[in-house]
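Q: Quick one: structure below, then a few questions.
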Amino acid sequence: MKIDSTTAAVVTGGASGLGRASAEALAAAGAKVAIFDVNEAAGQEVADAIGGIFCKVDITSEESVVAGFTQARAAHGQERITVHCAMTSRRGKTLAFDKEAGKLKRLSTEDYIYGVQGILVASYRIASLSAEGMAGNEPNEDGERGCITLTASVAAQDGQIGQIIYGSAKAGVNGLVLPMARDLSDIGIRVNSIMPGIFATPLMLGAKQNVLDSLAASVPFPKRLGKPEEFGSLVLELARNGYFNAQCIRLDGAIRMAPR
């Protein structure tokens, strides 16, 4: 796909981290970028910096997402590129010892549902609503109307202790990719996912230095955390290279996560 000033893009979670890097990469390539996020101050700051627009969107709400797409399309036209980075989840072991109760306690079904809603269901919501709009785009010379990139995680394949929600929901995101790409193939919409490893996002950089050093040392090569701009670079390549379709790509410095 050619990216220029006529190309509209939507990036969820664009106020920080991997989403921000994706928005910045797309804007630098010439795209008009709409940022979906719940953080209004940070999201507006990024939108102003890249010449895009901010849409306050809660990815767990169908009404909010529909309103966000309506706002973005009114400003920039129908998006051809959607990058979904936003998520919400919880952490916990399937069974963990509760000191107060003096016994093993099960991770609640409600907690599990919360994470699945915030990761897997939200990914379907964003991708399917975007595809519905993309279907009306004029196709390019390959017949392409759009490109959707979802964010999974290396935890989809290497889920650690305490990641029962996150790991299985991110595996579900990868599970969306092939059937959705096949569903949308006749329309000319591509679907891929990226599985980032350990990246130097603002959230991660809040950890103690010794923890960051240990994490960096666990990466085979290069021995450092991933740079958000490296994620943004792959987002850009997935959009530009029309032969990338139905792929779940690890971006992780060859790391394979240990059980804990």
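Ordered as shown in the structure tokens, chains take letters A, B, and onward, while each chain numbers its residues from 1 and ligands are numbered from 1 in the order shown.
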Sorted by chain and rising residue number, list the residues of stretch 119-238 of chain A at most 9 Å from stretch 9-21 of chain A (counting only C-alpha atoms), each with its closest atom pair and distance in Å to one decimal, as a tab-separated table.
A:
```
residue	atom	partner	partner_atom	distance
A:Ile126	CA	A:Thr12	CA	8.7
A:Ser130	CA	A:Val10	CA	8.9
A:Phe199	CA	A:Leu18	CA	8.4
A:Ala200	CA	A:Gly17	CA	7.9
A:Thr201	CA	A:Gly17	CA	4.7
A:Pro202	CA	A:Gly17	CA	6.2
A:Leu203	CA	A:Gly17	CA	7.9
A:Lys227	CA	A:Leu18	CA	8.8
A:Pro228	CA	A:Leu18	CA	5.2
A:Glu229	CA	A:Ala21	CA	5.3
A:Glu230	CA	A:Ala21	CA	8.3
A:Phe231	CA	A:Leu18	CA	6.5
A:Gly232	CA	A:Ala21	CA	5.1
A:Ser233	CA	A:Ala21	CA	8.4
```
Q: Would you return as a ChimeraX atom specification the members of stretch 20-245 of chain A that DSSP assigns to strand (DSSP E or B) on this structure's backbone?
A: /A:32-37,53-56,81-84,92,95-98,103-106,146-151,163,189-196,199,226
Q: If you keep N, CA and C atoms, can you produce a file of those selected residues as a short mmCIF file (atom, residue, chain, number, x, y, z; two decimals), in the first residue's frame?
A:
```
data_model
loop_
_atom_site.label_atom_id
_atom_site.label_comp_id
_atom_site.auth_asym_id
_atom_site.auth_seq_id
_atom_site.Cartn_x
_atom_site.Cartn_y
_atom_site.Cartn_z
N LYS A 32 -2.59 10.60 7.54
CA LYS A 32 -3.40 11.37 8.48
C LYS A 32 -3.84 10.40 9.58
N VAL A 33 -3.40 10.67 10.80
CA VAL A 33 -3.58 9.68 11.88
C VAL A 33 -4.59 10.16 12.92
N ALA A 34 -5.53 9.27 13.23
CA ALA A 34 -6.46 9.49 14.34
C ALA A 34 -6.05 8.59 15.49
N ILE A 35 -5.88 9.18 16.66
CA ILE A 35 -5.47 8.44 17.85
C ILE A 35 -6.68 8.15 18.72
N PHE A 36 -6.91 6.86 19.00
CA PHE A 36 -7.96 6.43 19.92
C PHE A 36 -7.30 6.11 21.26
N ASP A 37 -7.75 6.76 22.33
CA ASP A 37 -7.19 6.49 23.65
C ASP A 37 -8.15 7.05 24.70
N ILE A 53 -5.50 13.84 14.77
CA ILE A 53 -6.61 14.18 15.65
C ILE A 53 -6.69 13.15 16.77
N PHE A 54 -7.26 13.58 17.88
CA PHE A 54 -7.47 12.70 19.02
C PHE A 54 -8.95 12.39 19.17
N CYS A 55 -9.26 11.13 19.39
CA CYS A 55 -10.63 10.69 19.65
C CYS A 55 -10.63 9.93 20.98
N LYS A 56 -11.37 10.43 21.95
CA LYS A 56 -11.43 9.73 23.24
C LYS A 56 -12.28 8.48 23.08
N ILE A 81 -5.72 2.15 7.03
CA ILE A 81 -4.80 1.46 7.94
C ILE A 81 -5.35 1.56 9.36
N THR A 82 -5.43 0.43 10.04
CA THR A 82 -5.79 0.42 11.46
C THR A 82 -4.76 -0.38 12.23
N VAL A 83 -4.27 0.21 13.30
CA VAL A 83 -3.29 -0.45 14.17
C VAL A 83 -3.89 -0.46 15.57
N HIS A 84 -4.08 -1.64 16.12
CA HIS A 84 -4.73 -1.77 17.42
C HIS A 84 -3.70 -2.15 18.48
N GLY A 92 -2.93 -12.67 37.48
CA GLY A 92 -3.14 -13.58 38.59
C GLY A 92 -2.94 -15.02 38.16
N LEU A 95 -4.59 -20.69 40.42
CA LEU A 95 -4.77 -20.91 41.86
C LEU A 95 -3.58 -20.28 42.58
N ALA A 96 -3.84 -19.49 43.60
CA ALA A 96 -2.77 -18.84 44.36
C ALA A 96 -3.11 -18.92 45.84
N PHE A 97 -2.09 -19.01 46.67
CA PHE A 97 -2.33 -19.13 48.11
C PHE A 97 -2.73 -17.77 48.68
N ASP A 98 -3.87 -17.75 49.33
CA ASP A 98 -4.38 -16.55 49.99
C ASP A 98 -3.99 -16.61 51.46
N LYS A 103 -5.68 -20.59 52.46
CA LYS A 103 -5.95 -21.65 51.48
C LYS A 103 -5.75 -21.14 50.07
N LEU A 104 -5.78 -22.07 49.12
CA LEU A 104 -5.67 -21.69 47.72
C LEU A 104 -6.94 -20.98 47.26
N LYS A 105 -6.74 -19.94 46.49
CA LYS A 105 -7.87 -19.18 45.98
C LYS A 105 -7.81 -19.18 44.45
N ARG A 106 -8.94 -19.40 43.84
CA ARG A 106 -9.03 -19.44 42.38
C ARG A 106 -9.14 -18.04 41.80
N GLY A 146 -7.62 -2.14 2.47
CA GLY A 146 -7.21 -1.78 3.81
C GLY A 146 -6.26 -2.80 4.42
N CYS A 147 -5.67 -2.39 5.54
CA CYS A 147 -4.72 -3.23 6.26
C CYS A 147 -4.95 -3.04 7.76
N ILE A 148 -5.12 -4.14 8.47
CA ILE A 148 -5.35 -4.12 9.92
C ILE A 148 -4.21 -4.86 10.61
N THR A 149 -3.61 -4.20 11.59
CA THR A 149 -2.54 -4.82 12.38
C THR A 149 -2.97 -4.86 13.84
N LEU A 150 -3.02 -6.06 14.39
CA LEU A 150 -3.37 -6.27 15.79
C LEU A 150 -2.09 -6.46 16.60
N THR A 151 -2.16 -6.22 17.90
CA THR A 151 -1.01 -6.42 18.77
C THR A 151 -1.27 -7.61 19.68
N GLN A 163 0.22 -15.26 34.04
CA GLN A 163 -0.26 -14.66 32.79
C GLN A 163 -1.38 -15.48 32.15
N ILE A 189 -8.91 -6.83 2.16
CA ILE A 189 -8.42 -6.28 3.43
C ILE A 189 -7.49 -7.30 4.07
N ARG A 190 -6.27 -6.86 4.38
CA ARG A 190 -5.27 -7.74 4.99
C ARG A 190 -5.31 -7.62 6.52
N VAL A 191 -4.97 -8.71 7.20
CA VAL A 191 -4.95 -8.74 8.67
C VAL A 191 -3.69 -9.45 9.14
N ASN A 192 -2.94 -8.80 10.03
CA ASN A 192 -1.73 -9.39 10.61
C ASN A 192 -1.68 -9.06 12.09
N SER A 193 -0.77 -9.71 12.81
CA SER A 193 -0.51 -9.32 14.20
C SER A 193 0.99 -9.28 14.44
N ILE A 194 1.37 -8.46 15.42
CA ILE A 194 2.75 -8.38 15.88
C ILE A 194 2.79 -8.89 17.31
N MET A 195 3.79 -9.71 17.60
CA MET A 195 3.99 -10.22 18.97
C MET A 195 5.25 -9.57 19.53
N PRO A 196 5.13 -8.42 20.19
CA PRO A 196 6.32 -7.80 20.76
C PRO A 196 6.84 -8.56 21.97
N PHE A 199 9.63 -4.47 25.60
CA PHE A 199 9.90 -3.17 24.98
C PHE A 199 10.01 -2.06 26.02
N GLY A 226 13.44 -3.78 23.51
CA GLY A 226 13.05 -3.28 22.19
C GLY A 226 12.72 -1.81 22.26
#
```
Q: One decimal, Å: what's the distance from atom CA of A:Ala75 over to atom CA of A:Asn39, could you say?
A: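 Between these atoms lies a distance of 19.9 Å.
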Q: How close does stretch 121-147 of chain A get to stretch 63-67 of chain A? List, as a tab-separated table, each residue of stretch 121-147 of chain A within 12 Å, its nearest atom pair and the distance in Å to one decimal, counting only C-alpha atoms.
A:
```
residue	atom	partner	partner_atom	distance
A:Ala122	CA	A:Val65	CA	9.4
A:Ser123	CA	A:Val65	CA	11.3
A:Tyr124	CA	A:Val65	CA	11.6
A:Arg125	CA	A:Val65	CA	8.1
A:Ile126	CA	A:Val65	CA	7.3
A:Ala127	CA	A:Val65	CA	10.8
A:Ser128	CA	A:Val66	CA	11.0
A:Leu129	CA	A:Val66	CA	7.5
A:Ser130	CA	A:Val66	CA	9.3
A:Glu132	CA	A:Val66	CA	11.1
A:Gly133	CA	A:Val66	CA	10.7
```
Q: Find the residue from A:Ala86, A:Gly115, A:Leu238, A:Met257 that sits nearest to A:Leu26; use only C-alpha atoms when measuring.
A: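 Of the candidates, the smallest distance to A:Leu26 is held by A:Leu238.
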Q: Using only C-alpha atoms, which residues sit within 7 Å of stretch 220-224 of chain A once same-chain residues fewer than 2 positions away are excluded, as a PDB file with N, CA and C atoms, in the first residue's frame?
A:
```pdb
ATOM      1  N   ALA A 216      16.956  -7.026  30.095  1.00  0.00           N
ATOM      2  CA  ALA A 216      17.789  -6.807  28.908  1.00  0.00           C
ATOM      3  C   ALA A 216      18.766  -7.959  28.721  1.00  0.00           C
ATOM      4  N   ALA A 217      19.341  -8.438  29.803  1.00  0.00           N
ATOM      5  CA  ALA A 217      20.309  -9.535  29.727  1.00  0.00           C
ATOM      6  C   ALA A 217      19.666 -10.839  29.261  1.00  0.00           C
ATOM      7  N   SER A 218      18.342 -10.954  29.446  1.00  0.00           N
ATOM      8  CA  SER A 218      17.653 -12.192  29.052  1.00  0.00           C
ATOM      9  C   SER A 218      17.369 -12.254  27.553  1.00  0.00           C
ATOM     10  N   GLY A 226      13.442  -3.783  23.507  1.00  0.00           N
ATOM     11  CA  GLY A 226      13.052  -3.285  22.195  1.00  0.00           C
ATOM     12  C   GLY A 226      12.721  -1.806  22.260  1.00  0.00           C
ATOM     13  N   GLY A 253      13.924  -9.961  19.614  1.00  0.00           N
ATOM     14  CA  GLY A 253      15.337 -10.212  19.859  1.00  0.00           C
ATOM     15  C   GLY A 253      15.650 -11.669  20.149  1.00  0.00           C
ATOM     16  N   ALA A 254      14.796 -12.581  19.673  1.00  0.00           N
ATOM     17  CA  ALA A 254      14.958 -14.042  19.823  1.00  0.00           C
ATOM     18  C   ALA A 254      14.697 -14.525  21.244  1.00  0.00           C
ATOM     19  N   ILE A 255      14.035 -13.732  22.067  1.00  0.00           N
ATOM     20  CA  ILE A 255      13.762 -14.175  23.436  1.00  0.00           C
ATOM     21  C   ILE A 255      12.694 -15.272  23.447  1.00  0.00           C
TER      22      ILE A 255
END
```
Q: Taking 3 positions as the minimum chain separation for residues in the same chain, which residues sit within 9 Å of A:Asn137 when counting only C-alpha atoms? Answer as a PyMOL selection string.
A: chain A and resi 78-80+133-134+144-146
Q: Could you save the residues just selected, with N, CA and C atoms, as a PDB file, in the first residue's frame?
A:
```
ATOM      1  N   GLN A  78     -12.343   7.802   5.267  1.00  0.00           N
ATOM      2  CA  GLN A  78     -12.296   6.400   5.663  1.00  0.00           C
ATOM      3  C   GLN A  78     -10.845   5.927   5.805  1.00  0.00           C
ATOM      4  N   GLU A  79     -10.550   5.298   6.940  1.00  0.00           N
ATOM      5  CA  GLU A  79      -9.191   4.794   7.150  1.00  0.00           C
ATOM      6  C   GLU A  79      -8.887   3.617   6.229  1.00  0.00           C
ATOM      7  N   ARG A  80      -7.639   3.538   5.816  1.00  0.00           N
ATOM      8  CA  ARG A  80      -7.127   2.386   5.074  1.00  0.00           C
ATOM      9  C   ARG A  80      -6.188   1.553   5.938  1.00  0.00           C
ATOM     10  N   GLY A 133     -15.934  -0.429   7.521  1.00  0.00           N
ATOM     11  CA  GLY A 133     -15.743   0.835   6.823  1.00  0.00           C
ATOM     12  C   GLY A 133     -14.816   0.711   5.635  1.00  0.00           C
ATOM     13  N   MET A 134     -13.724  -0.027   5.803  1.00  0.00           N
ATOM     14  CA  MET A 134     -12.747  -0.208   4.722  1.00  0.00           C
ATOM     15  C   MET A 134     -13.356  -0.846   3.477  1.00  0.00           C
ATOM     16  N   GLU A 144      -6.558  -4.000  -3.121  1.00  0.00           N
ATOM     17  CA  GLU A 144      -6.508  -3.817  -1.672  1.00  0.00           C
ATOM     18  C   GLU A 144      -7.310  -2.605  -1.225  1.00  0.00           C
ATOM     19  N   ARG A 145      -8.070  -2.805  -0.153  1.00  0.00           N
ATOM     20  CA  ARG A 145      -8.871  -1.717   0.416  1.00  0.00           C
ATOM     21  C   ARG A 145      -8.417  -1.305   1.815  1.00  0.00           C
ATOM     22  N   GLY A 146      -7.622  -2.144   2.466  1.00  0.00           N
ATOM     23  CA  GLY A 146      -7.206  -1.785   3.811  1.00  0.00           C
ATOM     24  C   GLY A 146      -6.265  -2.799   4.423  1.00  0.00           C
TER      25      GLY A 146
END
```
Q: Return as an MDAnalysis selection string the full set of residues in stretch 80-195 of chain A whose backbone-based DSSP assignment is alpha helix (DSSP H).
A: chainID A and resid 109:116 122:134 155:158 164:183
Q: Could you save the residues just selected, with C-alpha atoms, as a PDB file, in the first residue's frame?
A:
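Saved as out.pdb:
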```pdb
ATOM      1  CA  THR A 109     -14.106 -16.014  36.248  1.00  0.00           C
ATOM      2  CA  GLU A 110     -15.022 -12.324  36.402  1.00  0.00           C
ATOM      3  CA  ASP A 111     -11.333 -11.337  36.349  1.00  0.00           C
ATOM      4  CA  TYR A 112     -10.761 -13.667  33.412  1.00  0.00           C
ATOM      5  CA  ILE A 113     -13.710 -12.229  31.509  1.00  0.00           C
ATOM      6  CA  TYR A 114     -12.419  -8.709  32.146  1.00  0.00           C
ATOM      7  CA  GLY A 115      -9.102  -9.513  30.462  1.00  0.00           C
ATOM      8  CA  VAL A 116     -10.681 -11.350  27.548  1.00  0.00           C
ATOM      9  CA  ALA A 122     -11.700  -5.479  21.904  1.00  0.00           C
ATOM     10  CA  SER A 123      -9.385  -6.675  19.115  1.00  0.00           C
ATOM     11  CA  TYR A 124     -12.329  -8.191  17.247  1.00  0.00           C
ATOM     12  CA  ARG A 125     -14.405  -5.066  17.858  1.00  0.00           C
ATOM     13  CA  ILE A 126     -11.782  -2.683  16.489  1.00  0.00           C
ATOM     14  CA  ALA A 127     -10.825  -4.894  13.535  1.00  0.00           C
ATOM     15  CA  SER A 128     -14.347  -5.782  12.426  1.00  0.00           C
ATOM     16  CA  LEU A 129     -15.728  -2.253  12.715  1.00  0.00           C
ATOM     17  CA  SER A 130     -12.748  -0.915  10.803  1.00  0.00           C
ATOM     18  CA  ALA A 131     -13.126  -3.591   8.127  1.00  0.00           C
ATOM     19  CA  GLU A 132     -16.792  -2.698   7.746  1.00  0.00           C
ATOM     20  CA  GLY A 133     -15.743   0.835   6.823  1.00  0.00           C
ATOM     21  CA  MET A 134     -12.747  -0.208   4.722  1.00  0.00           C
ATOM     22  CA  ALA A 155       3.115 -14.305  25.869  1.00  0.00           C
ATOM     23  CA  ALA A 156       0.704 -15.729  23.292  1.00  0.00           C
ATOM     24  CA  GLN A 157       3.287 -18.494  22.828  1.00  0.00           C
ATOM     25  CA  ASP A 158       5.393 -18.227  26.004  1.00  0.00           C
ATOM     26  CA  ILE A 164      -3.205 -17.034  32.403  1.00  0.00           C
ATOM     27  CA  ILE A 165      -5.479 -14.161  31.348  1.00  0.00           C
ATOM     28  CA  TYR A 166      -2.973 -12.192  29.303  1.00  0.00           C
ATOM     29  CA  GLY A 167      -1.323 -15.169  27.620  1.00  0.00           C
ATOM     30  CA  SER A 168      -4.511 -16.920  26.566  1.00  0.00           C
ATOM     31  CA  ALA A 169      -6.234 -13.722  25.431  1.00  0.00           C
ATOM     32  CA  LYS A 170      -3.201 -12.707  23.363  1.00  0.00           C
ATOM     33  CA  ALA A 171      -3.132 -16.210  21.873  1.00  0.00           C
ATOM     34  CA  GLY A 172      -6.741 -15.560  20.940  1.00  0.00           C
ATOM     35  CA  VAL A 173      -5.678 -12.390  19.130  1.00  0.00           C
ATOM     36  CA  ASN A 174      -3.340 -14.494  16.998  1.00  0.00           C
ATOM     37  CA  GLY A 175      -6.222 -16.896  16.488  1.00  0.00           C
ATOM     38  CA  LEU A 176      -8.264 -14.098  14.936  1.00  0.00           C
ATOM     39  CA  VAL A 177      -5.698 -13.356  12.266  1.00  0.00           C
ATOM     40  CA  LEU A 178      -5.962 -16.216   9.760  1.00  0.00           C
ATOM     41  CA  PRO A 179      -9.752 -16.680   9.739  1.00  0.00           C
ATOM     42  CA  MET A 180     -10.338 -12.926   9.609  1.00  0.00           C
ATOM     43  CA  ALA A 181      -7.802 -12.513   6.793  1.00  0.00           C
ATOM     44  CA  ARG A 182      -9.590 -15.284   4.913  1.00  0.00           C
ATOM     45  CA  ASP A 183     -13.005 -13.782   5.660  1.00  0.00           C
TER      46      ASP A 183
END
```
Q: Compare A:Asp252, A:Asp58, A:Glu24, A:Glu237 by their minimum atom-to-atom distance to A:Ile198, counting only C-alpha atoms, and give me the closest one.
A: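 Checking each candidate against A:Ile198, we get A:Asp252 as the closest.
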Q: What does the structure give for the distance between atom CA of A:Thr94 and atom CA of A:Pro259, in Å to one decimal?
A: 14.2 Å
Q: What does the distance from atom CA of A:Leu251 to atom CA of A:Phe69 come to in Å, to one decimal?
A: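 Spanning atom CA of A:Leu251 to atom CA of A:Phe69 is a straight-line distance of 28.4 Å.
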